[in-house]
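Q: Below: one structure in structure tokens.
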Amino acid sequence: MLNLTPYILLAPLLGFLALGLFGRSLPRAMISVVGCGVILVAFGAAVADFFAVLRSPHPVSDVHLYTWLTSGSLTISFGLLSDPLSAVMLLIVTGVGFLIHVYSIGYMEDDPGYWRFFSFLNFFVFAMALLVAADDFLLLLVGWAGVGLASFLLIGFWYTRPAAVAAARKAFVVNVIGDFGLMIALFLLFGAYNSFAYSTIFGARPIDSGTLTAITLTLFVAAAAKSAQLPLHVWLPDAMEGPTPVSALIHAATMVTAGVYLVARAAPLFSAAPTSLAVIGGVGGASALFAASIACVQNDIKRVLAYSTISQLGYMFMGEAAGGFSAGIYHLMTHAFFKALLFMCAGAVIHALGGEQDIRKMGGLRRKLAATYRTFLVGALALAAIFPFAGFWSKDAILGALLERATVGGGTGWYVLYGIGLLTALLTGFYIFRLLFLVFHGSYRGAPVVAHGANAHGATAADPLANVHEPGGTMLSPMYALAALSLIGGGFGAQALFNIGDFSAFLAPARVTSAAELPTGLFWLSLGLSLAFALSGVAIAYVRYGSGQSYFVAEGSENALTKLLQRRYYVDDIYDAVLVRPVVALGRWLRGAVEDEALDGGTRDLGGAIGSLGDSLRGFQTGFTRNYAVYVFVGVVLFVLFFVSTRP
Amino acid sequence: MPVSAYLTVSALLFAIGAVGVVTRRNPLVMFMSIELMLNAVNLSFIAFAHFLNSVDGWMFVFLVLTVAAAEVVVGLAIIVSIFRTRRTVDVDDLNSLKG
């Protein structure tokens, strides 16, 4: 079978090295061509791989590149896997990644760090591709850490902004918690299986269930940190401090999908650990509902989308917990399309308004940004899971898996999770259409937009939006492409409506299991319910915000629930009080009492004492030879007296 | 003659040499004083060697003579080069190396 996976990794790596080493002196056009070109090459290879996998009767092949290290019974090879799961993931990573690269050409055109940006983006894609193409857990860890590093670099890309630096640091610290979980899981895996290779571990005999639960739970700690699940979600909303294309990349193609991928990859382990699955379901459900409710009251356009991502990732984990690992990956794919699209639209709006992100100061942009509006509408419909947009199919697959799990004796807990899924569907419809109405409908509420760019007109009170214009072609064309994917991306699932299991059957050779089929009656019931909930969410948003008038509560007079949601359940404040402040206080104390006084003070005093001793002795060095002769003479006399007096 | 007579002469010579080193400012005279001290020591070595019937003392004397010769050569060379650069050899003027 054709396996081009090494080239999918090699191209972005070369791009990263070329731009990182020589980008500073290259012209912008060259940087754009190299930066996007390498990803296009990778995408081409990924497409070829994907079709090879699709057509092959044995769609799993493993390229052994070389033996990385051998130590005792441990042999670690550098091998790349091509199977349905990694083929789909690589397709998403390189495909959506490529569109984001193209979009960045327009979005970042005025940035002095242009070459640096593309170099980091290429590295991000490389690390993510390594993560999903690795054929053992240790190599996955390498990609895992690389992705964390890339996100740190890109979130803190505008490193002169203190907020961006703080956000980058936060993302890194939270991700290190996840890395720690992954390493513990790796130690446990090696202890249990004596190997890191997927093929060995997933093919081995079942092991002691306690160990398996420990392994899967620590794996999930890693997944939760990467995929921003409770209680490790705090870094993702802050990550929007990076440039908008980075948000699109983190939220859609790379980074947050890694956790969902890890759980799906380790599906054989998770399937055998019901306790862990229950934990994942609980965490996923809580995250989905929690983040969706927060998204309903946020006033920053990117923050709404960030919480939406947490919520949708919670959905994916719920689906995986119910045994529908393929449903989770399915939703990961469609979510990548429409969330990248929504972020690009948000970027276009922010770009057009000269950096404004507060939706209270937007409104009425529908006519000026017609193309952005249309693509945003497609993304919103897909996110709200309205038939026949992509999100509908995948969200329905997840809800179906949950309902199936509940009806075959899963117990009340799974019905509760199904209910949470429906409620979240309602909230999703509400918050995304609230965003749509507030940004694009009604009348403009902000200050006149100051001219930027070549075709500037004088903004007046009569037309404060005179300077607002659509983004250029490099930004619009990826948006159109993703809008098309958000519309038809559920095409994989087109048959699923009538014959569940097409996408699932495709993923099955990669040991990604699926939930069983729902009985026909329940299937249609679930379909109808999810659509009804989503539509009622949209309807509530329309009633409240669609009439053209803005609906904002004055600051300070919110009711308790709104206040709670606006403060994001006080999670950040709690972390601040419980973790950050004590650590900072400890650091201050160590700096003052230990560093300054004990360590520095101690060495200072010691140095001072030696210095003053030297000062008091320098008088002896007169420079007169005869004085020295006297010292020698006196010294010899003293020696002799000493020996004579101590003679026995 | 008892050994104490030799040792007395040796001690006297040594004391004269030591006083010379400390009090004189001409390096040549200081060298001569140092030679005096060395030979005072040589004298006591030979006295002891004779009275103890041991050849070790003689050996030391030869060693001291050799070292003294080498020392004088090096020392004179230094004095000559100091004189060439500074036009004086008064040791009290050579006091720039001090704390």
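Ligands are numbered from 1 in the order shown, residues from 1 within each chain, and chains are lettered A, B, ... in the order they appear in the structure tokens.
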List the spatial neighbours of region 82-92 of chain B as a PyMOL selection string - criterion: any atom at most 7 Å away, only C-alpha atoms, same-chain residues fewer than 5 positions off excluded.
A: (chain A and resi 624-625) or (chain B and resi 25-27)
Q: Check the DSSP output for the backbone and give back, as a PyMOL selection string, the residues of chain B in alpha helix (DSSP H).
A: chain B and resi 3-23+27-52+56-86
Q: For chain B, work out the contacting residues on chain A at 12 Å, counting only C-alpha atoms, and write them as a PyMOL selection string.
A: chain A and resi 614-634+636-637
Q: Please measure the separation of CA of Phe187 (chain A) and CA of Val260 (chain A), giving the value in Å to one decimal.
A: 21.0 Å
Q: List the spatial neighbours of region 65-72 of chain B as a ChimeraX atom specification - criterion: any atom at most 12 Å away, only C-alpha atoms, same-chain residues fewer than 3 positions off excluded.
A: /B:27-43,58-62,75-80
Q: Which residues, written as number ranges by chain, have at least one atom at most 12 Å from Ile177 (chain A), with only C-alpha atoms counted and residues fewer than 2 positions away on the same chain left out?
A: A: 145, 148, 170-175, 179-184, 218-226, 228, 231-233, 235
Q: Out of A:Ser61, A:Thr75, A:Ser308, A:Ser32, which residue has the shortest atom-to-atom distance to Phe118 (chain A) when counting only C-alpha atoms?
A: A:Ser32
Q: List the spatial neighbours of region 93-105 of chain A as JSON, numbers by chain - criterion: any atom at most 6 Å away, only C-alpha atoms, same-chain residues fewer than 6 positions off excluded.
A: {"A": [36, 39, 43, 253, 474, 475, 478]}
Q: CA of Asp396 (chain A) to CA of Leu436 (chain A): how many Å, to one decimal?
A: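 About the pair CA of Asp396 (chain A) and CA of Leu436 (chain A): they are 23.1 Å apart.
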Q: Could you pull the residues within 12 Å of Phe51 (chain B), counting only C-alpha atoms, minus those fewer than 2 positions along the same chain, as a VMD selection string?
A: chain B and resid 1 to 4 6 to 7 44 to 49 53 to 57
